[in-house]
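Source file: structure-v9.cif; contents: mmCIF, C-alpha atoms.
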```cif
data_my_file
#
loop_
_atom_site.label_atom_id
_atom_site.label_comp_id
_atom_site.auth_asym_id
_atom_site.auth_seq_id
_atom_site.Cartn_x
_atom_site.Cartn_y
_atom_site.Cartn_z
CA MET A 1176 72.81 -24.68 -34.71
CA THR A 1177 74.80 -27.55 -36.18
CA ARG A 1178 76.93 -28.84 -33.31
CA THR A 1179 76.38 -32.37 -32.07
CA PRO A 1180 75.79 -33.29 -28.41
CA ASP A 1181 78.49 -35.32 -26.70
CA HIS A 1182 76.65 -38.59 -26.26
CA PRO A 1183 77.00 -42.20 -27.44
CA ASP A 1184 76.06 -42.81 -31.09
CA ALA A 1185 75.46 -39.11 -31.66
CA ASP A 1186 75.33 -39.35 -35.46
CA PRO A 1187 72.55 -41.69 -36.56
CA SER A 1188 72.18 -42.48 -40.23
CA PRO A 1189 69.83 -40.00 -41.97
CA ALA A 1190 67.58 -42.98 -42.67
CA ALA A 1191 67.33 -43.96 -39.01
CA PRO A 1192 63.84 -43.34 -37.58
CA THR A 1193 65.20 -41.46 -34.57
CA SER A 1194 66.85 -38.93 -36.90
CA LEU A 1195 63.37 -38.07 -38.19
CA SER A 1196 60.99 -35.59 -36.65
CA ALA A 1197 57.78 -36.78 -35.04
CA GLU A 1198 55.83 -35.43 -38.00
CA GLU A 1199 58.08 -37.28 -40.45
CA ILE A 1200 57.76 -40.53 -38.52
CA ALA A 1201 53.98 -40.25 -38.40
CA SER A 1202 53.77 -39.51 -42.11
CA ALA A 1203 55.96 -42.52 -42.93
CA VAL A 1204 53.95 -44.84 -40.67
CA ARG A 1205 50.64 -43.62 -42.09
CA SER A 1206 51.91 -44.23 -45.64
CA ARG A 1207 53.32 -47.60 -44.49
CA THR A 1208 56.81 -46.63 -45.58
CA LEU A 1209 57.82 -47.41 -42.00
CA ARG A 1210 56.19 -49.67 -39.45
CA ALA A 1211 55.58 -48.37 -35.96
CA VAL A 1212 57.07 -51.58 -34.55
CA ASP A 1213 60.35 -50.95 -36.36
CA VAL A 1214 60.48 -47.28 -35.33
CA VAL A 1215 59.90 -48.15 -31.69
CA ALA A 1216 62.35 -51.07 -31.75
CA GLU A 1217 65.05 -48.76 -33.10
CA ALA A 1218 64.31 -46.18 -30.39
CA LEU A 1219 64.50 -48.85 -27.70
CA ASP A 1220 67.82 -50.08 -29.08
CA ARG A 1221 69.22 -46.57 -29.05
CA ILE A 1222 68.06 -46.03 -25.46
CA GLU A 1223 69.68 -49.30 -24.42
CA ARG A 1224 73.02 -48.19 -25.91
CA ALA A 1225 73.03 -44.56 -24.78
CA ASP A 1226 71.18 -44.49 -21.48
CA PRO A 1227 73.91 -46.08 -19.32
CA VAL A 1228 75.85 -42.85 -19.89
CA LEU A 1229 73.01 -40.33 -20.06
CA SER A 1230 70.65 -41.83 -17.47
CA ALA A 1231 67.67 -40.11 -19.08
CA PHE A 1232 65.11 -42.77 -18.10
CA ILE A 1233 63.79 -44.06 -14.80
CA GLU A 1234 62.06 -46.99 -16.48
CA VAL A 1235 61.97 -48.38 -20.02
CA TRP A 1236 58.82 -50.25 -21.06
CA ALA A 1237 60.21 -52.25 -23.97
CA GLU A 1238 57.72 -55.12 -24.08
CA ASP A 1239 54.68 -52.92 -23.60
CA ALA A 1240 55.96 -50.37 -26.13
CA LEU A 1241 56.44 -52.98 -28.84
CA ARG A 1242 52.97 -54.35 -28.17
CA ARG A 1243 51.43 -50.88 -28.42
CA ALA A 1244 53.40 -50.18 -31.60
CA GLY A 1245 51.88 -53.30 -33.11
CA GLU A 1246 48.45 -51.98 -32.18
CA VAL A 1247 49.26 -48.70 -33.93
CA ASP A 1248 50.26 -50.58 -37.09
CA ALA A 1249 46.98 -52.49 -36.93
CA ARG A 1250 45.00 -49.26 -36.54
CA VAL A 1251 46.78 -47.75 -39.54
CA GLU A 1252 46.14 -50.92 -41.55
CA ALA A 1253 42.46 -50.63 -40.63
CA GLY A 1254 42.32 -47.13 -42.12
CA GLU A 1255 42.70 -44.89 -39.07
CA ARG A 1256 44.59 -41.71 -39.91
CA LEU A 1257 46.48 -41.16 -36.68
CA PRO A 1258 48.15 -37.73 -36.54
CA LEU A 1259 51.18 -39.00 -34.56
CA ALA A 1260 51.21 -42.62 -35.70
CA GLY A 1261 54.14 -44.60 -34.37
CA VAL A 1262 55.99 -41.71 -32.72
CA PRO A 1263 58.07 -42.99 -29.77
CA ILE A 1264 57.86 -40.62 -26.82
CA GLY A 1265 59.21 -40.32 -23.31
CA VAL A 1266 56.85 -39.29 -20.53
CA LYS A 1267 58.03 -37.32 -17.54
CA GLY A 1268 58.24 -39.49 -14.45
CA ARG A 1269 56.37 -42.63 -13.50
CA ARG A 1270 53.06 -40.76 -13.45
CA GLY A 1271 53.59 -39.24 -16.87
CA LEU A 1272 51.18 -41.57 -18.65
CA GLY A 1273 48.34 -39.89 -16.80
CA THR A 1274 48.69 -36.72 -18.86
CA ALA A 1275 49.75 -38.36 -22.13
CA GLY A 1276 46.34 -39.83 -22.99
CA PRO A 1277 45.59 -37.62 -26.01
CA LEU A 1278 49.07 -38.29 -27.41
CA LEU A 1279 48.58 -42.06 -27.10
CA GLU A 1280 45.17 -41.77 -28.75
CA ALA A 1281 46.87 -39.91 -31.59
CA GLY A 1282 49.23 -42.84 -32.17
CA CYS A 1283 52.25 -42.07 -29.98
CA VAL A 1284 53.97 -44.96 -28.23
CA ALA A 1285 55.40 -44.33 -24.76
CA VAL A 1286 58.76 -46.10 -24.48
CA GLY A 1287 59.55 -45.15 -20.89
CA ALA A 1288 59.43 -42.74 -17.96
CA THR A 1289 62.06 -40.02 -18.07
CA SER A 1290 64.12 -38.99 -15.06
CA VAL A 1291 63.15 -36.40 -12.50
CA PRO A 1292 65.00 -35.31 -9.34
CA GLY A 1293 65.38 -38.16 -6.90
CA PRO A 1294 64.93 -38.18 -3.12
CA GLY A 1295 67.17 -35.71 -1.38
CA THR A 1296 68.11 -33.79 -4.53
CA VAL A 1297 67.52 -30.13 -5.19
CA TRP A 1298 64.86 -29.88 -7.89
CA GLN A 1299 66.77 -27.19 -9.78
CA THR A 1300 69.79 -29.47 -10.19
CA TRP A 1301 69.47 -32.75 -12.01
CA GLY A 1302 67.38 -35.82 -12.66
CA LEU A 1303 68.03 -39.27 -11.25
CA GLY A 1304 67.67 -42.08 -13.75
CA ARG A 1305 68.25 -45.83 -13.83
CA HIS A 1306 72.03 -45.44 -13.92
CA GLY A 1307 72.55 -42.45 -11.63
CA PRO A 1308 72.44 -38.67 -12.11
CA THR A 1309 71.17 -37.51 -15.50
CA VAL A 1310 73.94 -35.74 -17.43
CA ASN A 1311 73.81 -32.89 -19.92
CA PRO A 1312 74.44 -34.43 -23.36
CA TRP A 1313 76.64 -31.46 -24.34
CA ARG A 1314 78.88 -31.70 -21.27
CA HIS A 1315 78.54 -34.62 -18.93
CA ASP A 1316 79.96 -32.64 -16.01
CA ARG A 1317 77.00 -30.23 -16.23
CA THR A 1318 73.37 -30.62 -15.26
CA PRO A 1319 70.63 -30.77 -17.90
CA GLY A 1320 68.40 -28.66 -15.67
CA GLY A 1321 65.21 -29.68 -13.95
CA SER A 1322 62.83 -30.90 -13.27
CA SER A 1323 62.03 -32.28 -16.77
CA ALA A 1324 65.67 -33.37 -16.94
CA GLY A 1325 65.34 -36.77 -18.56
CA SER A 1326 62.82 -35.56 -21.13
CA ALA A 1327 65.19 -32.83 -22.32
CA VAL A 1328 68.15 -35.21 -22.49
CA ALA A 1329 66.20 -37.94 -24.30
CA VAL A 1330 65.14 -35.44 -26.95
CA ALA A 1331 68.52 -33.67 -27.26
CA ALA A 1332 70.32 -37.01 -27.60
CA GLY A 1333 67.95 -38.21 -30.32
CA LEU A 1334 66.55 -41.09 -28.27
CA VAL A 1335 62.98 -39.90 -28.94
CA PRO A 1336 61.73 -36.94 -30.99
CA LEU A 1337 59.24 -35.78 -28.35
CA ALA A 1338 58.94 -36.03 -24.59
CA THR A 1339 56.41 -34.63 -22.18
CA GLY A 1340 57.17 -32.39 -19.24
CA ASN A 1341 55.46 -30.06 -16.84
CA ASP A 1342 56.47 -26.59 -15.84
CA GLY A 1343 55.82 -25.03 -12.46
CA ALA A 1344 58.68 -22.54 -12.43
CA GLY A 1345 60.62 -23.23 -15.63
CA SER A 1346 60.85 -27.03 -15.43
CA VAL A 1347 60.35 -27.41 -19.19
CA ARG A 1348 62.00 -24.23 -20.42
CA ILE A 1349 65.24 -24.39 -18.39
CA PRO A 1350 66.23 -27.95 -19.40
CA ALA A 1351 65.21 -27.09 -22.96
CA ALA A 1352 67.58 -24.12 -22.89
CA TRP A 1353 70.48 -26.00 -21.31
CA CYS A 1354 70.10 -29.03 -23.60
CA GLY A 1355 69.56 -27.07 -26.81
CA VAL A 1356 65.99 -28.13 -27.64
CA VAL A 1357 62.56 -26.55 -27.90
CA GLY A 1358 60.46 -26.35 -24.72
CA LEU A 1359 56.85 -25.16 -24.69
CA LYS A 1360 54.97 -24.22 -21.52
CA VAL A 1361 51.29 -23.80 -22.32
CA GLY A 1362 49.26 -21.08 -20.67
CA ASN A 1363 47.87 -21.75 -17.20
CA GLY A 1364 44.36 -23.17 -17.30
CA ARG A 1365 44.63 -24.27 -20.93
CA LEU A 1366 45.17 -27.97 -20.15
CA PRO A 1367 44.20 -29.99 -17.07
CA SER A 1368 46.62 -29.85 -14.14
CA SER A 1369 46.47 -31.45 -10.71
CA ASP A 1370 48.69 -28.82 -9.10
CA ARG A 1371 46.83 -27.26 -6.16
CA THR A 1372 48.60 -23.92 -6.63
CA GLY A 1373 47.81 -23.65 -10.33
CA LEU A 1374 51.47 -22.87 -11.05
CA MET A 1375 52.41 -26.11 -12.77
CA VAL A 1376 51.13 -26.75 -16.29
CA PRO A 1377 51.85 -29.31 -19.01
CA GLY A 1378 54.53 -28.81 -21.60
CA VAL A 1379 56.60 -30.58 -24.23
CA LEU A 1380 60.23 -30.87 -25.33
CA THR A 1381 61.13 -31.48 -28.98
CA ARG A 1382 63.99 -30.97 -31.42
CA ARG A 1383 61.74 -29.45 -34.09
CA VAL A 1384 59.22 -26.66 -33.65
CA GLY A 1385 56.80 -28.50 -35.94
CA ASP A 1386 56.70 -31.35 -33.44
CA ALA A 1387 55.85 -28.96 -30.60
CA ALA A 1388 53.08 -27.59 -32.83
CA ALA A 1389 51.84 -31.13 -33.47
CA TYR A 1390 51.77 -31.71 -29.70
CA TRP A 1391 49.71 -28.56 -29.22
CA ARG A 1392 47.27 -29.46 -32.02
CA VAL A 1393 46.61 -32.81 -30.38
CA MET A 1394 46.52 -31.60 -26.79
CA SER A 1395 44.41 -28.54 -27.58
CA GLY A 1396 41.52 -30.91 -28.10
CA ASN A 1397 41.64 -30.59 -24.29
CA ALA A 1398 42.26 -26.87 -24.36
CA THR A 1399 40.09 -24.34 -22.61
CA THR A 1400 39.84 -20.65 -23.28
CA ALA A 1401 42.15 -18.74 -20.97
CA GLY A 1402 40.07 -16.14 -19.25
CA PRO A 1403 40.89 -13.32 -16.86
CA GLY A 1404 41.64 -15.81 -14.10
CA ALA A 1405 44.33 -17.66 -16.04
CA GLY A 1406 47.09 -15.95 -14.14
CA SER A 1407 45.65 -17.24 -10.88
CA GLY A 1408 45.66 -20.83 -12.03
CA SER A 1409 41.90 -21.03 -12.46
CA ARG A 1410 40.36 -23.50 -14.85
CA THR A 1411 37.94 -22.23 -17.46
CA GLY A 1412 36.11 -25.08 -19.08
CA SER A 1413 35.83 -28.79 -18.45
CA GLY A 1414 39.03 -29.97 -20.07
CA SER A 1415 37.23 -33.06 -21.31
CA ARG A 1416 39.03 -35.17 -23.87
CA THR A 1417 37.78 -35.73 -27.37
CA GLY A 1418 37.66 -39.18 -28.86
CA SER A 1419 40.31 -40.27 -31.34
CA GLY A 1420 38.01 -39.84 -34.32
CA SER A 1421 37.01 -36.25 -33.61
CA MET A 1422 40.53 -35.43 -32.49
CA SER A 1423 41.95 -36.72 -35.76
CA ALA A 1424 39.44 -34.63 -37.67
CA SER A 1425 40.36 -31.48 -35.77
CA VAL A 1426 44.05 -32.14 -36.24
CA THR A 1427 43.60 -32.75 -39.96
CA ALA A 1428 41.60 -29.56 -40.30
CA SER A 1429 44.29 -27.50 -38.61
CA ALA A 1430 47.29 -29.16 -40.23
CA SER A 1431 47.15 -27.15 -43.44
CA ALA A 1432 47.04 -23.92 -41.45
CA SER A 1433 50.24 -24.94 -39.66
CA ALA A 1434 52.10 -26.41 -42.63
CA SER A 1435 53.75 -23.12 -43.49
CA ILE A 1436 54.64 -22.28 -39.90
CA SER A 1437 58.18 -21.18 -40.76
CA THR A 1438 57.25 -18.95 -43.69
CA SER A 1439 53.86 -17.39 -42.99
CA ILE A 1440 55.28 -14.43 -41.10
CA SER A 1441 57.76 -13.43 -43.78
CA THR A 1442 55.32 -13.93 -46.65
CA SER A 1443 52.48 -12.04 -44.97
CA GLY A 1444 54.68 -9.10 -44.05
CA ASP A 1445 52.87 -8.89 -40.72
CA ARG A 1446 55.80 -9.07 -38.34
CA PRO A 1447 54.78 -9.39 -34.69
CA THR A 1448 56.26 -6.73 -32.46
CA ALA A 1449 58.53 -7.79 -29.60
CA VAL A 1450 60.20 -6.19 -26.59
CA TRP A 1451 63.61 -7.41 -25.44
CA SER A 1452 64.39 -7.55 -21.75
CA PRO A 1453 67.70 -8.98 -20.53
CA ASP A 1454 66.66 -9.17 -16.88
CA LEU A 1455 62.92 -8.40 -16.44
CA GLY A 1456 64.02 -5.39 -14.42
CA PHE A 1457 65.14 -7.25 -11.29
CA ASP A 1458 67.67 -10.01 -12.07
CA SER A 1459 71.40 -9.94 -12.90
CA PRO A 1460 71.93 -12.63 -15.51
CA ASP A 1461 75.39 -13.61 -16.69
CA PRO A 1462 76.63 -11.25 -19.44
CA ASP A 1463 77.66 -14.15 -21.71
CA VAL A 1464 74.16 -15.62 -21.55
CA VAL A 1465 72.55 -12.25 -22.25
CA ALA A 1466 74.86 -11.66 -25.21
CA VAL A 1467 73.98 -14.96 -26.90
CA ALA A 1468 70.22 -14.55 -26.38
CA HIS A 1469 70.26 -10.90 -27.46
CA THR A 1470 72.20 -11.74 -30.62
CA ALA A 1471 69.58 -14.36 -31.46
CA ALA A 1472 66.79 -11.80 -30.95
CA LEU A 1473 68.58 -9.33 -33.23
CA ARG A 1474 69.03 -12.00 -35.90
CA LEU A 1475 65.33 -12.76 -35.82
CA ALA A 1476 64.54 -9.09 -36.26
CA GLU A 1477 67.01 -8.75 -39.13
CA ALA A 1478 65.48 -11.82 -40.80
CA GLY A 1479 61.98 -10.37 -40.57
CA ALA A 1480 60.60 -12.92 -38.10
CA LEU A 1481 59.64 -10.14 -35.68
CA ARG A 1482 60.05 -6.41 -35.13
CA LEU A 1483 61.84 -5.25 -31.99
CA THR A 1484 60.33 -2.21 -30.31
CA ARG A 1485 61.06 -0.22 -27.16
CA PRO A 1486 58.38 0.42 -24.54
CA ARG A 1487 57.86 4.02 -23.50
CA THR A 1488 59.27 3.23 -20.07
CA PRO A 1489 61.73 0.44 -19.21
CA PHE A 1490 59.88 -2.82 -18.62
CA ARG A 1491 60.17 -4.00 -15.04
CA LEU A 1492 58.52 -6.74 -13.06
CA HIS A 1493 58.66 -7.35 -9.35
CA ASP A 1494 60.86 -10.30 -8.44
CA PRO A 1495 58.35 -13.18 -8.26
CA ALA A 1496 60.46 -15.28 -5.87
CA PRO A 1497 58.69 -14.31 -2.61
CA ALA A 1498 55.24 -14.94 -4.10
CA TRP A 1499 56.16 -18.21 -5.80
CA LEU A 1500 57.92 -19.60 -2.73
CA ALA A 1501 55.04 -18.60 -0.47
CA LEU A 1502 52.52 -20.39 -2.68
CA ARG A 1503 54.68 -23.51 -2.70
CA THR A 1504 55.10 -23.62 1.08
CA PRO A 1505 53.08 -26.61 2.36
CA GLY A 1506 49.98 -25.50 4.21
CA ALA A 1507 50.43 -21.85 3.24
CA GLY A 1508 47.92 -19.88 1.27
CA PRO A 1509 48.06 -16.63 -0.68
CA THR A 1510 49.41 -13.87 1.56
CA PRO A 1511 49.10 -10.09 1.11
CA GLU A 1512 52.63 -10.15 -0.34
CA VAL A 1513 51.60 -12.78 -2.90
CA HIS A 1514 48.60 -10.70 -3.94
CA ARG A 1515 50.68 -7.54 -4.15
CA ILE A 1516 53.39 -9.03 -6.37
CA ARG A 1517 50.94 -10.89 -8.53
CA ALA A 1518 48.64 -7.91 -9.07
CA ALA A 1519 51.51 -5.57 -9.89
CA ASN A 1520 53.10 -7.97 -12.37
CA ASP A 1521 49.77 -8.85 -13.98
CA SER A 1522 49.09 -5.17 -14.50
CA ARG A 1523 52.50 -4.53 -16.04
CA LEU A 1524 52.26 -7.53 -18.33
CA ALA A 1525 48.77 -6.54 -19.45
CA ALA A 1526 50.06 -3.08 -20.29
CA LEU A 1527 53.01 -4.54 -22.19
CA PHE A 1528 50.90 -6.92 -24.26
CA SER A 1529 48.41 -4.18 -25.07
CA GLY A 1530 51.19 -2.59 -27.14
CA THR A 1531 53.33 -5.51 -28.28
CA ARG A 1532 52.80 -9.18 -29.01
CA LEU A 1533 55.95 -10.79 -27.63
CA LEU A 1534 58.39 -10.44 -24.76
CA LEU A 1535 61.90 -11.85 -25.32
CA THR A 1536 64.38 -12.75 -22.56
CA PRO A 1537 67.18 -15.23 -21.97
CA THR A 1538 65.55 -18.43 -20.73
CA ALA A 1539 67.94 -19.05 -17.84
CA PRO A 1540 70.16 -16.41 -16.22
CA THR A 1541 73.19 -18.71 -16.01
CA PRO A 1542 74.82 -21.49 -18.01
CA PRO A 1543 74.32 -25.06 -16.78
CA HIS A 1544 75.99 -25.60 -13.43
CA GLY A 1545 77.77 -28.69 -12.20
CA HIS A 1546 76.12 -31.65 -10.49
CA GLU A 1547 77.02 -30.27 -7.09
CA GLY A 1548 74.09 -27.86 -7.35
CA PRO A 1549 73.18 -24.30 -8.28
CA GLY A 1550 74.51 -22.62 -5.16
CA GLU A 1551 72.59 -19.47 -4.27
CA ARG A 1552 71.53 -18.67 -7.85
CA TYR A 1553 67.97 -19.39 -8.97
CA SER A 1554 67.94 -20.82 -12.48
CA THR A 1555 64.23 -19.97 -12.47
CA ALA A 1556 64.76 -16.21 -12.13
CA LEU A 1557 63.53 -15.39 -15.65
CA THR A 1558 60.88 -18.10 -16.03
CA TRP A 1559 58.74 -18.39 -12.91
CA ALA A 1560 57.13 -14.97 -13.29
CA PHE A 1561 55.09 -16.49 -16.12
CA ASN A 1562 53.93 -19.41 -14.01
CA LEU A 1563 52.52 -16.84 -11.59
CA SER A 1564 50.96 -14.77 -14.38
CA GLY A 1565 49.86 -17.76 -16.46
CA HIS A 1566 51.26 -16.60 -19.79
CA PRO A 1567 52.37 -19.18 -22.37
CA ALA A 1568 56.11 -19.25 -23.07
CA ILE A 1569 58.57 -21.18 -25.19
CA SER A 1570 62.35 -21.63 -25.06
CA ILE A 1571 64.20 -22.04 -28.34
CA PRO A 1572 67.92 -22.61 -28.92
CA ALA A 1573 69.76 -19.31 -29.31
CA GLY A 1574 73.37 -20.47 -29.67
CA PHE A 1575 76.25 -21.54 -27.45
CA GLY A 1576 78.03 -19.93 -24.53
CA PRO A 1577 81.80 -19.90 -23.98
CA ASP A 1578 81.49 -23.15 -22.01
CA GLY A 1579 80.20 -24.98 -25.09
CA CYS A 1580 76.70 -25.42 -23.65
CA PRO A 1581 73.50 -24.22 -25.33
CA VAL A 1582 71.75 -20.97 -24.39
CA GLY A 1583 67.99 -20.50 -24.72
CA LEU A 1584 65.90 -17.57 -25.91
CA GLN A 1585 62.52 -17.31 -24.14
CA LEU A 1586 59.48 -15.99 -25.99
CA VAL A 1587 56.42 -15.02 -23.94
CA ALA A 1588 53.03 -14.07 -25.37
CA ALA A 1589 49.63 -12.92 -24.16
CA HIS A 1590 47.12 -15.38 -22.73
CA GLY A 1591 45.83 -17.81 -25.34
CA GLU A 1592 48.63 -17.07 -27.84
CA GLU A 1593 50.35 -20.46 -28.01
CA ALA A 1594 49.88 -20.49 -31.79
CA LEU A 1595 51.75 -17.19 -32.11
CA LEU A 1596 54.67 -18.56 -30.07
CA LEU A 1597 54.86 -21.62 -32.29
CA GLU A 1598 54.62 -19.56 -35.47
CA VAL A 1599 57.46 -17.25 -34.46
CA ALA A 1600 59.52 -20.17 -33.14
CA GLY A 1601 59.01 -21.91 -36.47
CA ALA A 1602 60.29 -18.86 -38.30
CA ALA A 1603 63.23 -18.71 -35.89
CA GLU A 1604 64.11 -22.31 -36.64
CA GLY A 1605 64.62 -21.35 -40.26
CA HIS A 1606 67.03 -18.54 -39.32
CA LEU A 1607 68.82 -19.85 -36.20
CA GLY A 1608 68.65 -23.59 -36.92
CA PRO A 1609 68.90 -26.36 -37.80
CA TRP A 1610 68.63 -27.42 -34.19
#
```
Could you rewrite the structure in this file as structure tokens?
Amino acid sequence: MTRTPDHPDADPSPAAPTSLSAEEIASAVRSRTLRAVDVVAEALDRIERADPVLSAFIEVWAEDALRRAGEVDARVEAGERLPLAGVPIGVKGRRGLGTAGPLLEAGCVAVGATSVPGPGTVWQTWGLGRHGPTVNPWRHDRTPGGSSAGSAVAVAAGLVPLATGNDGAGSVRIPAAWCGVVGLKVGNGRLPSSDRTGLMVPGVLTRRVGDAAAYWRVMSGNATTAGPGAGSGSRTGSGSRTGSGSMSASVTASASASASISTSISTSGDRPTAVWSPDLGFDSPDPDVVAVAHTAALRLAEAGALRLTRPRTPFRLHDPAPAWLALRTPGAGPTPEVHRIRAANDSRLAALFSGTRLLLTPTAPTPPHGHEGPGERYSTALTWAFNLSGHPAISIPAGFGPDGCPVGLQLVAAHGEEALLLEVAGAAEGHLGPW
């Protein structure tokens, strides 16, 4: 994918820090080739120039960010080997710092709070930033998706290389798909979440798969082992944070294992099997969207990143909408209908993943809609089943639709298989990218 989003200053110099990945920035800051203060100052300048059009941020914390960047430089000077030293990040919403603690410990610098839907807006539609509605950087008359709207736009526009999100029905994956970036939803119960329903979990948006992997390496210091109750939003383990020293050690230990993320599949010859489903058996996605996502899946198979297989019977899930909406109704609890849908889908997914390692679908069933709203269509139709079931999922750029907007390919894996998703996505980046 080589097209450039339609946003101010879309072509930074290759030497500009914001054209670098998070991993490249951290490496340069650790080696003192770049200073964190300079990286963050450049990001803040870029936000100041581009955000009046994009409206990706609710707040920008310039003074505090520069101070924290100076602290990162001092820590590096003192000999700390911070895995994400000096990486400027956006955090979703004004409360986003509460879940970004491990990233800040690892050396990230939060430059601001990214936009989320404002009062009176439909959450599926768009974010509301400092300067008005958040626009899709590829087409300003289209929504970036929600609810992690500003995070997706900030990453797609090159304002920051990494931004946090959370995903209760597709809120990371849908804006990732519509803005042409990578969006990882971790498995339910793997990281702490305050959502009473257990549907919403943390996630991240990046331009490079390696940066999403770096996020997971840092955050998985918090990770718990997803047990049988993961699909019900249960927590298994304390979710306690590690200190920066032990976290750095664990990240360093795992870095070499992830360094060849884009090549390990092809060199090992062990191609993970995958099942393609255009509609999960119940939806009617737009044919143009299906065609782009399916072509991407076929290209990955032809390149040896995975092996497409057919299940013995067509794969079908029950439409999760009634169960999801019932769980989200204030004051409502699980109903017999919720239990029925959830149990049936859990059983079918367990059967699927007993015979294959990946499920591939389009991420969203439609292209980005206008700012007037989605109408009667649910953009979540192909994503929220995996918030109910608790499976990890990732959206990667698949190509472009006839409207010029990006289309996403969703990869879903068994409980606890975030590393597999990142490995296959890394291989995909080599064949479908650069993104």
Between A:Gly1304, A:Pro1263, A:Gly1321, A:Gly1479, which has the minimum distance to Leu1195 of chain A (counting all atoms listed in the file)?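 Among the listed residues, the smallest separation from Leu1195 of chain A belongs to A:Pro1263.
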Just say which residues the PyMOL selection byres ((chain A and resi 1559) around 12) picks in this file, as a JSON list (two decimals) with C-alpha atoms, in the frame of the given file.
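selection-v9.json written:
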```
[["chain", "number", "residue", "atom", "x", "y", "z"],
["A", 1342, "ASP", "CA", 56.47, -26.59, -15.84],
["A", 1343, "GLY", "CA", 55.82, -25.03, -12.46],
["A", 1344, "ALA", "CA", 58.68, -22.54, -12.43],
["A", 1345, "GLY", "CA", 60.62, -23.23, -15.63],
["A", 1346, "SER", "CA", 60.85, -27.03, -15.43],
["A", 1347, "VAL", "CA", 60.35, -27.41, -19.19],
["A", 1348, "ARG", "CA", 62.00, -24.23, -20.42],
["A", 1349, "ILE", "CA", 65.24, -24.39, -18.39],
["A", 1360, "LYS", "CA", 54.97, -24.22, -21.52],
["A", 1374, "LEU", "CA", 51.47, -22.87, -11.05],
["A", 1375, "MET", "CA", 52.41, -26.11, -12.77],
["A", 1376, "VAL", "CA", 51.13, -26.75, -16.29],
["A", 1406, "GLY", "CA", 47.09, -15.95, -14.14],
["A", 1455, "LEU", "CA", 62.92, -8.40, -16.44],
["A", 1492, "LEU", "CA", 58.52, -6.74, -13.06],
["A", 1493, "HIS", "CA", 58.66, -7.35, -9.35],
["A", 1494, "ASP", "CA", 60.86, -10.30, -8.44],
["A", 1495, "PRO", "CA", 58.35, -13.18, -8.26],
["A", 1496, "ALA", "CA", 60.46, -15.28, -5.87],
["A", 1497, "PRO", "CA", 58.69, -14.31, -2.61],
["A", 1498, "ALA", "CA", 55.24, -14.94, -4.10],
["A", 1499, "TRP", "CA", 56.16, -18.21, -5.80],
["A", 1500, "LEU", "CA", 57.92, -19.60, -2.73],
["A", 1517, "ARG", "CA", 50.94, -10.89, -8.53],
["A", 1520, "ASN", "CA", 53.10, -7.97, -12.37],
["A", 1538, "THR", "CA", 65.55, -18.43, -20.73],
["A", 1539, "ALA", "CA", 67.94, -19.05, -17.84],
["A", 1553, "TYR", "CA", 67.97, -19.39, -8.97],
["A", 1554, "SER", "CA", 67.94, -20.82, -12.48],
["A", 1555, "THR", "CA", 64.23, -19.97, -12.47],
["A", 1556, "ALA", "CA", 64.76, -16.21, -12.13],
["A", 1557, "LEU", "CA", 63.53, -15.39, -15.65],
["A", 1558, "THR", "CA", 60.88, -18.10, -16.03],
["A", 1560, "ALA", "CA", 57.13, -14.97, -13.29],
["A", 1561, "PHE", "CA", 55.09, -16.49, -16.12],
["A", 1562, "ASN", "CA", 53.93, -19.41, -14.01],
["A", 1563, "LEU", "CA", 52.52, -16.84, -11.59],
["A", 1564, "SER", "CA", 50.96, -14.77, -14.38],
["A", 1565, "GLY", "CA", 49.86, -17.76, -16.46],
["A", 1566, "HIS", "CA", 51.26, -16.60, -19.79],
["A", 1567, "PRO", "CA", 52.37, -19.18, -22.37],
["A", 1568, "ALA", "CA", 56.11, -19.25, -23.07],
["A", 1585, "GLN", "CA", 62.52, -17.31, -24.14],
["A", 1587, "VAL", "CA", 56.42, -15.02, -23.94]]
```
Ranking A:Ile1222, A:Ala1352, A:Ala1573, A:Ala1588 by minimum distance to Leu1475 of chain A and counting all atoms listed in the file, which one comes first?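 That would be A:Ala1573, the residue with the smallest distance to Leu1475 of chain A.
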With all atoms listed in the file as the basis for distance, which of A:Ile1233, A:Val1467, A:Cys1354, A:Val1266 is at the shortest distance from His1306 of chain A?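 Smallest distance to His1306 of chain A is found for A:Ile1233.
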Just the number, please: distance in Å from atom CA of Leu1502 of chain A to atom CA of Pro1319 of chain A, one decimal.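 The value is 25.8 Å.
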d(atom CA of Arg1371 of chain A, atom CA of Arg1503 of chain A) in Å: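 A separation of 9.4 Å between them.
What the PyMOL selection byres ((chain A and resi 1237-1245) around 7) matches in the given file is A:Ala1211, A:Val1212, A:Val1215, A:Ala1216, A:Leu1219, A:Val1235, A:Trp1236, A:Glu1246, A:Val1247, A:Asp1248, A:Ala1249, A:Gly1261, A:Val1284, A:Ala1285, A:Val1286.
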Can you measure atom CA of Leu1303 of chain A to atom CA of Gly1550 of chain A for me? One decimal in Å is fine.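 A separation of 18.9 Å between them.
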Test item: residues at most 10 Å from Val1357 of chain A, all atoms listed in the file, excluding those fewer than 4 positions along its chain, as a VMD selection string: chain A and resid 1327 1330 to 1331 1337 1347 to 1348 1350 to 1352 1379 to 1384 1386 to 1387 1569 to 1572 1583 to 1585 1600 1604 1610
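Applied to the shown file, the PyMOL selection byres ((chain A and resi 1473) around 12) selects the residues Ala1449, Val1450, Trp1451, Ala1466, Val1467, Ala1468, His1469, Thr1470, Ala1471, Ala1472, Arg1474, Leu1475, Ala1476, Glu1477, Ala1478, Gly1479, Ala1480, Leu1481, Arg1482, Leu1483, Thr1484, Leu1535, Thr1536, Ala1573, Leu1584, Ala1603, His1606 and Leu1607 of chain A.
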